[in-house]
$ cat run-v8.pdb   # PDB, C-alpha atoms and all ligand atoms
ATOM      1  CA  MET A   1     -10.493 -38.453  65.224
ATOM      2  CA  SER A   2      -8.651 -36.320  62.733
ATOM      3  CA  ASP A   3     -10.686 -37.303  59.674
ATOM      4  CA  PRO A   4     -13.422 -34.671  59.105
ATOM      5  CA  THR A   5     -15.730 -37.266  57.486
ATOM      6  CA  ALA A   6     -15.546 -39.559  60.526
ATOM      7  CA  ARG A   7     -15.972 -36.623  62.906
ATOM      8  CA  ALA A   8     -19.036 -35.398  60.998
ATOM      9  CA  ALA A   9     -20.574 -38.897  61.017
ATOM     10  CA  ALA A  10     -19.936 -39.168  64.774
ATOM     11  CA  ALA A  11     -21.592 -35.779  65.350
ATOM     12  CA  LEU A  12     -24.673 -36.938  63.412
ATOM     13  CA  LYS A  13     -24.815 -40.116  65.516
ATOM     14  CA  ALA A  14     -24.615 -38.003  68.680
ATOM     15  CA  GLY A  15     -27.660 -35.977  67.551
ATOM     16  CA  ASP A  16     -25.619 -32.866  66.767
ATOM     17  CA  LEU A  17     -25.762 -30.645  63.695
ATOM     18  CA  ILE A  18     -23.062 -30.380  61.029
ATOM     19  CA  ILE A  19     -22.270 -28.156  58.075
ATOM     20  CA  LEU A  20     -22.382 -30.434  55.039
ATOM     21  CA  PRO A  21     -20.957 -29.393  51.660
ATOM     22  CA  THR A  22     -23.051 -30.316  48.631
ATOM     23  CA  GLU A  23     -22.753 -29.336  44.969
ATOM     24  CA  THR A  24     -25.917 -27.170  45.205
ATOM     25  CA  VAL A  25     -25.503 -25.103  48.406
ATOM     26  CA  TYR A  26     -24.036 -25.775  51.868
ATOM     27  CA  GLY A  27     -26.424 -27.763  54.060
ATOM     28  CA  LEU A  28     -27.163 -27.825  57.780
ATOM     29  CA  GLY A  29     -27.167 -31.572  58.410
ATOM     30  CA  ALA A  30     -28.847 -33.728  61.049
ATOM     31  CA  ASP A  31     -29.870 -37.372  61.538
ATOM     32  CA  ALA A  32     -33.211 -37.587  59.694
ATOM     33  CA  ALA A  33     -34.473 -40.262  62.090
ATOM     34  CA  ASN A  34     -33.780 -38.243  65.255
ATOM     35  CA  ALA A  35     -36.647 -35.828  65.947
ATOM     36  CA  GLU A  36     -34.648 -33.926  68.570
ATOM     37  CA  ALA A  37     -31.776 -33.362  66.145
ATOM     38  CA  VAL A  38     -34.222 -32.337  63.404
ATOM     39  CA  ALA A  39     -35.873 -29.880  65.820
ATOM     40  CA  LYS A  40     -32.455 -28.231  66.272
ATOM     41  CA  VAL A  41     -32.288 -27.666  62.491
ATOM     42  CA  PHE A  42     -35.638 -25.847  62.460
ATOM     43  CA  GLU A  43     -34.505 -23.805  65.476
ATOM     44  CA  ALA A  44     -31.055 -22.871  64.113
ATOM     45  CA  LYS A  45     -32.580 -21.766  60.811
ATOM     46  CA  ASP A  46     -35.698 -20.268  62.399
ATOM     47  CA  ARG A  47     -37.488 -22.280  59.722
ATOM     48  CA  PRO A  48     -41.274 -22.660  59.899
ATOM     49  CA  ARG A  49     -42.189 -26.207  60.876
ATOM     50  CA  PHE A  50     -44.631 -26.605  57.986
ATOM     51  CA  ASN A  51     -41.670 -26.569  55.561
ATOM     52  CA  PRO A  52     -40.424 -30.169  55.190
ATOM     53  CA  LEU A  53     -36.751 -31.100  54.772
ATOM     54  CA  ILE A  54     -34.949 -33.118  52.104
ATOM     55  CA  ALA A  55     -33.469 -36.461  53.203
ATOM     56  CA  HIS A  56     -30.002 -36.861  51.683
ATOM     57  CA  VAL A  57     -28.838 -40.424  51.059
ATOM     58  CA  ALA A  58     -25.656 -42.025  49.725
ATOM     59  CA  ASP A  59     -27.188 -43.952  46.815
ATOM     60  CA  ALA A  60     -30.429 -44.994  45.119
ATOM     61  CA  ALA A  61     -30.697 -48.206  47.176
ATOM     62  CA  GLN A  62     -30.722 -46.148  50.372
ATOM     63  CA  ALA A  63     -33.315 -43.815  48.805
ATOM     64  CA  GLU A  64     -35.632 -46.785  48.303
ATOM     65  CA  ARG A  65     -35.353 -47.658  51.987
ATOM     66  CA  VAL A  66     -36.723 -44.182  52.750
ATOM     67  CA  ALA A  67     -39.288 -43.715  49.948
ATOM     68  CA  VAL A  68     -41.457 -45.916  47.735
ATOM     69  CA  PHE A  69     -40.318 -45.531  44.123
ATOM     70  CA  ASP A  70     -42.275 -46.518  41.025
ATOM     71  CA  ALA A  71     -40.630 -47.072  37.621
ATOM     72  CA  THR A  72     -40.793 -43.338  36.851
ATOM     73  CA  ALA A  73     -39.004 -42.361  40.067
ATOM     74  CA  ARG A  74     -36.365 -45.006  39.345
ATOM     75  CA  GLY A  75     -35.882 -43.623  35.843
ATOM     76  CA  LEU A  76     -35.327 -40.126  37.251
ATOM     77  CA  ALA A  77     -32.908 -41.447  39.864
ATOM     78  CA  GLU A  78     -30.940 -43.283  37.191
ATOM     79  CA  ALA A  79     -30.816 -40.244  34.938
ATOM     80  CA  PHE A  80     -29.876 -37.584  37.510
ATOM     81  CA  TRP A  81     -28.277 -39.165  40.603
ATOM     82  CA  PRO A  82     -25.905 -38.416  42.084
ATOM     83  CA  GLY A  83     -26.942 -34.843  41.364
ATOM     84  CA  PRO A  84     -29.183 -31.860  42.012
ATOM     85  CA  LEU A  85     -32.627 -33.490  41.628
ATOM     86  CA  THR A  86     -34.895 -34.093  44.643
ATOM     87  CA  ILE A  87     -37.682 -36.653  44.297
ATOM     88  CA  VAL A  88     -40.820 -36.412  46.463
ATOM     89  CA  ALA A  89     -42.425 -39.876  46.719
ATOM     90  CA  PRO A  90     -44.591 -41.760  49.244
ATOM     91  CA  ALA A  91     -42.715 -42.193  52.538
ATOM     92  CA  ARG A  92     -41.860 -45.800  53.279
ATOM     93  CA  GLU A  93     -43.346 -47.117  56.532
ATOM     94  CA  GLY A  94     -40.497 -47.207  59.065
ATOM     95  CA  GLY A  95     -38.249 -45.539  56.467
ATOM     96  CA  GLY A  96     -36.332 -43.582  59.085
ATOM     97  CA  VAL A  97     -37.252 -39.991  58.181
ATOM     98  CA  CYS A  98     -39.076 -38.659  61.232
ATOM     99  CA  GLU A  99     -42.469 -36.987  61.010
ATOM    100  CA  LEU A 100     -41.061 -33.564  61.939
ATOM    101  CA  ALA A 101     -38.617 -33.720  58.991
ATOM    102  CA  ARG A 102     -41.579 -34.544  56.710
ATOM    103  CA  ALA A 103     -43.721 -31.782  58.286
ATOM    104  CA  GLY A 104     -46.280 -34.498  58.987
ATOM    105  CA  LEU A 105     -46.771 -35.401  55.303
ATOM    106  CA  ASP A 106     -47.098 -38.990  54.082
ATOM    107  CA  SER A 107     -44.589 -38.180  51.330
ATOM    108  CA  VAL A 108     -40.843 -37.663  51.673
ATOM    109  CA  ALA A 109     -38.271 -35.695  49.655
ATOM    110  CA  VAL A 110     -35.051 -37.581  48.894
ATOM    111  CA  ARG A 111     -31.827 -36.863  46.997
ATOM    112  CA  VAL A 112     -28.361 -38.341  46.387
ATOM    113  CA  PRO A 113     -26.004 -35.338  46.335
ATOM    114  CA  GLY A 114     -23.339 -35.053  43.651
ATOM    115  CA  HIS A 115     -20.611 -33.845  46.017
ATOM    116  CA  ALA A 116     -18.355 -36.801  46.930
ATOM    117  CA  LYS A 117     -17.728 -35.402  50.447
ATOM    118  CA  ALA A 118     -21.456 -35.259  51.138
ATOM    119  CA  ARG A 119     -21.907 -38.883  50.078
ATOM    120  CA  ALA A 120     -18.858 -39.933  52.118
ATOM    121  CA  VAL A 121     -20.291 -38.363  55.293
ATOM    122  CA  ILE A 122     -23.736 -39.898  54.696
ATOM    123  CA  ALA A 123     -22.231 -43.333  53.962
ATOM    124  CA  ALA A 124     -20.029 -43.182  57.086
ATOM    125  CA  PHE A 125     -23.080 -42.198  59.151
ATOM    126  CA  GLY A 126     -25.230 -44.931  57.596
ATOM    127  CA  GLY A 127     -28.661 -43.265  57.726
ATOM    128  CA  ALA A 128     -30.490 -40.482  55.901
ATOM    129  CA  VAL A 129     -29.363 -36.910  56.631
ATOM    130  CA  VAL A 130     -31.681 -33.912  56.421
ATOM    131  CA  ALA A 131     -29.721 -30.944  55.099
ATOM    132  CA  PRO A 132     -31.615 -27.761  54.234
ATOM    133  CA  SER A 133     -29.495 -24.804  53.190
ATOM    134  CA  ALA A 134     -27.236 -23.686  56.038
ATOM    135  CA  ASN A 135     -28.651 -20.152  56.166
ATOM    136  CA  ARG A 136     -31.138 -18.632  58.561
ATOM    137  CA  SER A 137     -34.580 -18.959  56.980
ATOM    138  CA  GLY A 138     -35.371 -16.378  54.317
ATOM    139  CA  ARG A 139     -31.770 -15.382  53.603
ATOM    140  CA  PRO A 140     -29.606 -16.207  50.554
ATOM    141  CA  SER A 141     -28.178 -19.736  50.673
ATOM    142  CA  PRO A 142     -24.462 -20.105  51.490
ATOM    143  CA  THR A 143     -22.383 -21.350  48.570
ATOM    144  CA  THR A 144     -18.958 -21.013  50.205
ATOM    145  CA  PHE A 145     -17.650 -22.591  53.411
ATOM    146  CA  ALA A 146     -17.085 -19.160  54.989
ATOM    147  CA  ASP A 147     -20.666 -18.055  54.256
ATOM    148  CA  ALA A 148     -22.061 -21.290  55.741
ATOM    149  CA  VAL A 149     -20.002 -20.863  58.928
ATOM    150  CA  GLU A 150     -21.102 -17.236  59.193
ATOM    151  CA  GLU A 151     -24.793 -18.218  58.927
ATOM    152  CA  THR A 152     -25.133 -21.271  61.158
ATOM    153  CA  GLY A 153     -21.622 -22.206  62.323
ATOM    154  CA  HIS A 154     -22.619 -21.355  65.906
ATOM    155  CA  ALA A 155     -25.178 -24.179  65.891
ATOM    156  CA  VAL A 156     -22.992 -27.058  64.660
ATOM    157  CA  ALA A 157     -20.591 -29.542  66.252
ATOM    158  CA  GLU A 158     -18.628 -30.121  63.014
ATOM    159  CA  ALA A 159     -18.198 -28.188  59.778
ATOM    160  CA  VAL A 160     -16.900 -29.908  56.640
ATOM    161  CA  ASP A 161     -15.193 -27.693  54.038
ATOM    162  CA  GLY A 162     -16.021 -28.865  50.517
ATOM    163  CA  GLY A 163     -14.855 -25.762  48.649
ATOM    164  CA  PRO A 164     -17.171 -23.458  46.691
ATOM    165  CA  CYS A 165     -20.428 -25.116  45.558
ATOM    166  CA  ALA A 166     -20.102 -26.000  41.877
ATOM    167  CA  VAL A 167     -23.803 -25.522  41.059
ATOM    168  CA  GLY A 168     -24.670 -22.727  43.494
ATOM    169  CA  LEU A 169     -28.466 -23.147  43.250
ATOM    170  CA  GLU A 170     -30.751 -25.479  45.193
ATOM    171  CA  SER A 171     -31.873 -28.795  43.730
ATOM    172  CA  THR A 172     -34.861 -29.105  41.433
ATOM    173  CA  VAL A 173     -37.773 -30.666  43.348
ATOM    174  CA  VAL A 174     -40.204 -32.972  41.519
ATOM    175  CA  SER A 175     -43.010 -35.042  42.966
ATOM    176  CA  VAL A 176     -43.664 -38.539  41.640
ATOM    177  CA  LEU A 177     -47.056 -39.317  43.162
ATOM    178  CA  ASP A 178     -50.078 -41.228  41.821
ATOM    179  CA  GLY A 179     -48.207 -41.871  38.561
ATOM    180  CA  LYS A 180     -47.752 -38.150  37.837
ATOM    181  CA  VAL A 181     -44.570 -36.078  37.807
ATOM    182  CA  ALA A 182     -44.843 -32.404  38.790
ATOM    183  CA  LEU A 183     -42.195 -29.713  39.115
ATOM    184  CA  LEU A 184     -42.452 -28.291  42.656
ATOM    185  CA  ARG A 185     -39.348 -26.086  42.577
ATOM    186  CA  PRO A 186     -37.217 -25.169  39.560
ATOM    187  CA  GLY A 187     -33.529 -25.761  40.197
ATOM    188  CA  ALA A 188     -30.239 -26.902  38.831
ATOM    189  CA  VAL A 189     -31.720 -29.688  36.668
ATOM    190  CA  THR A 190     -33.848 -27.973  34.012
ATOM    191  CA  ARG A 191     -37.470 -28.646  33.070
ATOM    192  CA  ALA A 192     -36.345 -29.745  29.585
ATOM    193  CA  GLU A 193     -33.847 -32.234  31.043
ATOM    194  CA  ILE A 194     -36.601 -33.801  33.177
ATOM    195  CA  GLU A 195     -39.115 -33.860  30.320
ATOM    196  CA  ALA A 196     -36.550 -35.653  28.171
ATOM    197  CA  VAL A 197     -36.776 -38.539  30.675
ATOM    198  CA  VAL A 198     -40.445 -38.581  31.764
ATOM    199  CA  GLY A 199     -42.347 -36.728  29.034
ATOM    200  CA  SER A 200     -44.455 -33.653  29.800
ATOM    201  CA  LEU A 201     -44.944 -32.673  33.415
ATOM    202  CA  SER A 202     -48.287 -32.456  35.275
ATOM    203  CA  GLU A 203     -49.504 -29.611  37.457
ATOM    204  CA  ALA A 204     -48.953 -30.331  41.156
ATOM    205  CA  GLY A 205     -52.378 -31.406  42.467
ATOM    206  CA  GLU A 206     -54.213 -29.690  45.331
ATOM    207  CA  GLY A 207     -52.465 -30.401  48.629
ATOM    208  CA  ARG A 208     -49.491 -31.807  46.739
ATOM    209  CA  ARG A 209     -47.578 -28.582  46.330
ATOM    210  CA  SER A 210     -44.377 -27.729  48.155
ATOM    211  CA  PRO A 211     -45.404 -26.280  51.493
ATOM    212  CA  GLY A 212     -42.259 -24.188  51.889
ATOM    213  CA  ARG A 213     -42.469 -21.961  48.830
ATOM    214  CA  VAL A 214     -43.065 -18.597  50.468
ATOM    215  CA  ALA A 215     -42.829 -15.348  48.508
ATOM    216  CA  LEU A 216     -39.953 -13.562  50.275
ATOM    217  CA  HIS A 217     -36.953 -15.892  50.423
ATOM    218  CA  TYR A 218     -33.261 -15.878  49.501
ATOM    219  CA  ALA A 219     -33.334 -12.186  50.457
ATOM    220  CA  PRO A 220     -30.307 -10.081  51.421
ATOM    221  CA  ASP A 221     -30.784  -7.119  53.803
ATOM    222  CA  ALA A 222     -30.706  -4.593  50.939
ATOM    223  CA  PRO A 223     -33.813  -4.333  48.755
ATOM    224  CA  VAL A 224     -33.461  -6.163  45.423
ATOM    225  CA  ARG A 225     -34.695  -4.815  42.070
ATOM    226  CA  ILE A 226     -34.620  -7.155  39.097
ATOM    227  CA  GLU A 227     -34.727  -7.071  35.303
ATOM    228  CA  THR A 228     -33.089  -3.681  34.886
ATOM    229  CA  ALA A 229     -29.491  -2.676  34.264
ATOM    230  CA  GLU A 230     -30.080   0.830  35.607
ATOM    231  CA  ALA A 231     -28.568   1.355  39.039
ATOM    232  CA  GLY A 232     -28.687   4.717  40.826
ATOM    233  CA  PRO A 233     -26.117   6.207  43.229
ATOM    234  CA  GLY A 234     -25.451   3.974  46.237
ATOM    235  CA  GLU A 235     -26.859   0.938  44.416
ATOM    236  CA  ILE A 236     -24.875  -2.089  43.201
ATOM    237  CA  LEU A 237     -25.606  -3.551  39.782
ATOM    238  CA  LEU A 238     -25.140  -7.299  39.311
ATOM    239  CA  GLY A 239     -24.567  -7.537  35.571
ATOM    240  CA  PHE A 240     -24.996 -10.372  33.116
ATOM    241  CA  GLY A 241     -23.315 -10.599  29.718
ATOM    242  CA  PRO A 242     -20.656  -8.452  28.018
ATOM    243  CA  GLY A 243     -20.528  -4.771  28.924
ATOM    244  CA  VAL A 244     -23.236  -4.830  31.612
ATOM    245  CA  GLY A 245     -21.951  -3.464  34.933
ATOM    246  CA  GLU A 246     -18.510  -3.858  36.524
ATOM    247  CA  ALA A 247     -16.657  -7.150  36.018
ATOM    248  CA  ARG A 248     -16.338  -7.691  39.786
ATOM    249  CA  TRP A 249     -20.125  -7.661  40.195
ATOM    250  CA  SER A 250     -21.032  -9.644  37.072
ATOM    251  CA  LEU A 251     -23.029 -12.879  37.416
ATOM    252  CA  SER A 252     -21.322 -13.928  34.192
ATOM    253  CA  PRO A 253     -19.337 -11.543  31.975
ATOM    254  CA  THR A 254     -19.832 -13.881  28.999
ATOM    255  CA  GLY A 255     -23.560 -14.452  29.627
ATOM    256  CA  ASP A 256     -23.257 -18.080  30.727
ATOM    257  CA  LEU A 257     -26.186 -19.335  32.842
ATOM    258  CA  ARG A 258     -24.172 -22.018  34.669
ATOM    259  CA  GLU A 259     -21.637 -19.440  35.742
ATOM    260  CA  ALA A 260     -24.445 -17.056  36.762
ATOM    261  CA  ALA A 261     -26.069 -19.764  38.913
ATOM    262  CA  ALA A 262     -22.762 -20.551  40.593
ATOM    263  CA  ASN A 263     -22.160 -16.854  41.380
ATOM    264  CA  LEU A 264     -25.692 -15.709  42.244
ATOM    265  CA  PHE A 265     -25.932 -16.221  46.019
ATOM    266  CA  ARG A 266     -22.255 -15.422  46.644
ATOM    267  CA  LEU A 267     -22.580 -12.082  44.836
ATOM    268  CA  LEU A 268     -25.891 -11.229  46.527
ATOM    269  CA  ARG A 269     -24.188 -11.811  49.874
ATOM    270  CA  GLU A 270     -21.008  -9.891  48.910
ATOM    271  CA  ALA A 271     -23.009  -6.958  47.548
ATOM    272  CA  ASP A 272     -25.082  -6.899  50.741
ATOM    273  CA  ARG A 273     -21.909  -6.495  52.845
ATOM    274  CA  GLU A 274     -21.239  -3.175  51.082
ATOM    275  CA  ARG A 275     -24.537  -1.871  52.550
ATOM    276  CA  PRO A 276     -25.895  -0.581  49.214
ATOM    277  CA  SER A 277     -29.233   1.263  49.098
ATOM    278  CA  ALA A 278     -30.365  -1.467  46.677
ATOM    279  CA  ILE A 279     -29.027  -4.429  44.714
ATOM    280  CA  VAL A 280     -30.093  -4.220  41.081
ATOM    281  CA  VAL A 281     -29.921  -7.355  38.915
ATOM    282  CA  ALA A 282     -29.623  -7.079  35.133
ATOM    283  CA  PRO A 283     -31.965  -9.117  32.913
ATOM    284  CA  VAL A 284     -31.078 -12.822  32.627
ATOM    285  CA  PRO A 285     -32.640 -15.133  29.984
ATOM    286  CA  ARG A 286     -35.456 -17.341  31.286
ATOM    287  CA  GLU A 287     -34.658 -20.494  29.370
ATOM    288  CA  GLY A 288     -32.966 -23.558  30.832
ATOM    289  CA  LEU A 289     -31.229 -22.767  34.115
ATOM    290  CA  GLY A 290     -32.601 -19.234  33.761
ATOM    291  CA  GLU A 291     -35.964 -20.501  35.075
ATOM    292  CA  ALA A 292     -34.434 -21.349  38.461
ATOM    293  CA  ILE A 293     -32.325 -18.166  38.547
ATOM    294  CA  HIS A 294     -35.491 -16.125  37.923
ATOM    295  CA  ASP A 295     -37.382 -18.039  40.598
ATOM    296  CA  ARG A 296     -34.729 -17.172  43.193
ATOM    297  CA  LEU A 297     -34.449 -13.553  42.049
ATOM    298  CA  ARG A 298     -38.214 -12.982  42.111
ATOM    299  CA  ARG A 299     -38.290 -14.287  45.671
ATOM    300  CA  ALA A 300     -35.198 -12.298  46.695
ATOM    301  CA  ALA A 301     -37.045  -9.217  45.377
ATOM    302  CA  GLY A 302     -40.185 -10.229  47.296
ATOM    303  CA  HIS A 303     -42.327 -10.716  44.183
ATOM    304  CA  VAL A 304     -44.926 -13.432  44.617
ATOM    305  CA  GLY A 305     -43.656 -16.464  42.702
TER     306      GLY A 305
HETATM  307  P1  LIG A 401     -34.786 -26.698  51.212
HETATM  308  O1  LIG A 401     -34.452 -27.770  52.178
HETATM  309  O2  LIG A 401     -34.917 -25.349  51.867
HETATM  310  O3  LIG A 401     -33.941 -26.710  49.998
HETATM  311  O4  LIG A 401     -36.266 -26.960  50.725
HETATM  312  C1  LIG A 401     -36.788 -28.207  50.455
HETATM  313  C2  LIG A 401     -37.930 -28.031  49.507
HETATM  314  O5  LIG A 401     -38.527 -29.313  49.282
HETATM  315  C3  LIG A 401     -39.016 -27.109  50.059
HETATM  316  O6  LIG A 401     -39.536 -26.310  49.006
HETATM  317  C4  LIG A 401     -40.038 -28.093  50.569
HETATM  318  O7  LIG A 401     -41.340 -27.555  50.622
HETATM  319  C5  LIG A 401     -39.898 -29.223  49.555
HETATM  320  N1  LIG A 401     -40.354 -30.510  50.100
HETATM  321  C6  LIG A 401     -39.718 -31.288  50.996
HETATM  322  N2  LIG A 401     -40.469 -32.369  51.306
HETATM  323  C7  LIG A 401     -41.604 -32.274  50.580
HETATM  324  C8  LIG A 401     -42.776 -33.077  50.458
HETATM  325  N3  LIG A 401     -42.934 -34.192  51.153
HETATM  326  N4  LIG A 401     -43.741 -32.657  49.613
HETATM  327  C9  LIG A 401     -43.587 -31.513  48.906
HETATM  328  N5  LIG A 401     -42.505 -30.709  48.978
HETATM  329  C10 LIG A 401     -41.523 -31.077  49.804
HETATM  330 MG    MG A 402     -33.071 -22.985  51.676
END

$ encode --input "run-v8.pdb" --output "structure tokens" --more "lines below"
Ligand code: AMP
Ligand code: MG
Amino acid sequence: MSDPTARAAAALKAGDLIILPTETVYGLGADAANAEAVAKVFEAKDRPRFNPLIAHVADAAQAERVAVFDATARGLAEAFWPGPLTIVAPAREGGGVCELARAGLDSVAVRVPGHAKARAVIAAFGGAVVAPSANRSGRPSPTTFADAVEETGHAVAEAVDGGPCAVGLESTVVSVLDGKVALLRPGAVTRAEIEAVVGSLSEAGEGRRSPGRVALHYAPDAPVRIETAEAGPGEILLGFGPGVGEARWSLSPTGDLREAAANLFRLLREADRERPSAIVVAPVPREGLGEAIHDRLRRAAGHVG
């Protein structure tokens, strides 16, 4: 088999792990229905088992075989899929996402990725594919093929190169449960974009929050300081906007949030390789995509989110 898509689908069928390119970050993929394969994902990432995984599917019809969608969930799927929005909805009985992948919950997270290679692999495989970020738990997500291979390449049977991730930030996670929509994790689709489709968002109810949202996450080895453009000797400044820091280390020299999102994890990882005494990140606006960038930076810095 010389076709990487067919090889990746065969690896999934055999219960092996793969590196799966998506538009958000590189994923560590496994057959969502196969508890042994899913256990390998938790092991390779050293991910706590209370943190459920997202089931990636090829289209909205496949999503509805996994989860039970109401009209609101369908509206969100129509507006944002394929793309970086994850919908948490009641798990469908016999829907093929194993209990371990759901961390024992009666809900399931599902998404149709925007990257054509991801959808091609999932379609060739035929079932849902869990694909958390291909990094070891707690570290910055890989947004290039090389970074993904460095993090978890040792654990996979196949690795699919999809180029640099266009978005560079994880998906937005919303729950659509009991007729209410709540934002569980800010991400590439903004709050305003979601509210334009469903109206104002609710607070996530007790026991309905995202179990995996721990304080220290996305963290390089070097300590991270945020919201200051003042770096001392031995520290690397990641700038934002004209004239802040060196061009090589700028999230976006023009101050563009999309560009900053696409560069964020790659630059955190590149800066870390220089063994700085700290990585300092210049202030970034909080509006729009800035909400998700801030969320990741606060966690990279170990601030409680
Ligand atoms: P990751 O795979 O690391 O991008 O993370 C997936 C995110 O989705 C984590 O924050 C999980 O806690 C969240 N998630 C997945 N399934 C559920 C669910 N059934 N209910 C609430 N949050 C979920
Ligand atoms: Mg992750």

$ closest_atom_pairs --input "run-v8.pdb" --of "chain A" --to "ligand MG 402 (chain A)" --cutoff "9 Å" --atoms "all atoms listed in the file" --output "JSON lines"
{"residue": "A:Val25", "atom": "CA", "partner": "A:MG402", "partner_atom": "MG", "distance": 8.5}
{"residue": "A:Gly27", "atom": "CA", "partner": "A:MG402", "partner_atom": "MG", "distance": 8.5}
{"residue": "A:Pro132", "atom": "CA", "partner": "A:MG402", "partner_atom": "MG", "distance": 5.6}
{"residue": "A:Ser133", "atom": "CA", "partner": "A:MG402", "partner_atom": "MG", "distance": 4.3}
{"residue": "A:Ala134", "atom": "CA", "partner": "A:MG402", "partner_atom": "MG", "distance": 7.3}
{"residue": "A:Asn135", "atom": "CA", "partner": "A:MG402", "partner_atom": "MG", "distance": 6.9}
{"residue": "A:Arg136", "atom": "CA", "partner": "A:MG402", "partner_atom": "MG", "distance": 8.4}
{"residue": "A:Ser137", "atom": "CA", "partner": "A:MG402", "partner_atom": "MG", "distance": 6.8}
{"residue": "A:Gly138", "atom": "CA", "partner": "A:MG402", "partner_atom": "MG", "distance": 7.5}
{"residue": "A:Arg139", "atom": "CA", "partner": "A:MG402", "partner_atom": "MG", "distance": 8.0}
{"residue": "A:Pro140", "atom": "CA", "partner": "A:MG402", "partner_atom": "MG", "distance": 7.7}
{"residue": "A:Ser141", "atom": "CA", "partner": "A:MG402", "partner_atom": "MG", "distance": 6.0}
{"residue": "A:Glu170", "atom": "CA", "partner": "A:MG402", "partner_atom": "MG", "distance": 7.3}
{"residue": "A:His217", "atom": "CA", "partner": "A:MG402", "partner_atom": "MG", "distance": 8.2}
{"residue": "A:Tyr218", "atom": "CA", "partner": "A:MG402", "partner_atom": "MG", "distance": 7.4}

$ closest_residue --input "run-v8.pdb" --among "A:Val97, A:Ala30, A:Val173, A:Leu216" --to "ligand LIG 401 (chain A)" --atoms "all atoms listed in the file"
A:Val173

$ closest_residue --input "run-v8.pdb" --among "A:Phe125, A:Phe145, A:Trp249, A:Phe240" --to "A:Arg7" --atoms "all atoms listed in the file"
A:Phe125

$ atom_distance --input "run-v8.pdb" --atom1 "atom CA of A:Arg273" --atom2 "atom CA of A:Tyr26"
19.4 Å

$ closest_atom_pairs --input "run-v8.pdb" --of "chain A" --to "ligand LIG 401 (chain A)" --cutoff "9 Å" --atoms "all atoms listed in the file" --output "tab-separated table"
residue	atom	partner	partner_atom	distance
A:Val25	CA	A:LIG401	O3	8.7
A:Gly27	CA	A:LIG401	O1	8.2
A:Arg47	CA	A:LIG401	O2	8.8
A:Phe50	CA	A:LIG401	O7	8.1
A:Asn51	CA	A:LIG401	O7	5.0
A:Pro52	CA	A:LIG401	C6	4.4
A:Leu53	CA	A:LIG401	C6	4.8
A:Ile54	CA	A:LIG401	C6	5.2
A:Ala55	CA	A:LIG401	N2	8.3
A:Thr86	CA	A:LIG401	O5	7.6
A:Ile87	CA	A:LIG401	C7	8.6
A:Val88	CA	A:LIG401	C8	5.6
A:Ala89	CA	A:LIG401	N3	7.2
A:Pro90	CA	A:LIG401	N3	8.0
A:Ala91	CA	A:LIG401	N3	8.1
A:Ala101	CA	A:LIG401	N2	8.0
A:Arg102	CA	A:LIG401	N3	5.7
A:Ala103	CA	A:LIG401	N3	7.6
A:Gly104	CA	A:LIG401	N3	8.5
A:Leu105	CA	A:LIG401	N3	5.8
A:Asp106	CA	A:LIG401	N3	7.0
A:Ser107	CA	A:LIG401	N3	4.3
A:Val108	CA	A:LIG401	N3	4.1
A:Ala109	CA	A:LIG401	N2	4.3
A:Val110	CA	A:LIG401	N2	7.9
A:Val130	CA	A:LIG401	O1	8.0
A:Ala131	CA	A:LIG401	O1	6.4
A:Pro132	CA	A:LIG401	O1	3.5
A:Ser133	CA	A:LIG401	O2	5.6
A:Ala134	CA	A:LIG401	O2	8.9
A:Ser137	CA	A:LIG401	O2	8.2
A:Ser141	CA	A:LIG401	O2	8.9
A:Glu170	CA	A:LIG401	O3	5.9
A:Ser171	CA	A:LIG401	O3	6.9
A:Thr172	CA	A:LIG401	O5	8.7
A:Val173	CA	A:LIG401	O5	6.1
A:Val174	CA	A:LIG401	N5	8.1
A:Ser175	CA	A:LIG401	C9	6.9
A:Leu184	CA	A:LIG401	N5	6.8
A:Arg185	CA	A:LIG401	O6	6.4
A:Gly207	CA	A:LIG401	C9	9.0
A:Arg208	CA	A:LIG401	C9	6.3
A:Arg209	CA	A:LIG401	C9	5.6
A:Ser210	CA	A:LIG401	N5	3.6
A:Pro211	CA	A:LIG401	O7	4.3
A:Gly212	CA	A:LIG401	O7	3.7
A:Arg213	CA	A:LIG401	O6	5.2
A:Val214	CA	A:LIG401	O6	8.6

$ closest_residue --input "run-v8.pdb" --among "A:Ile236, A:Leu251, A:Leu85, A:Ala219" --to "A:Leu297" --atoms "all atoms listed in the file"
A:Ala219
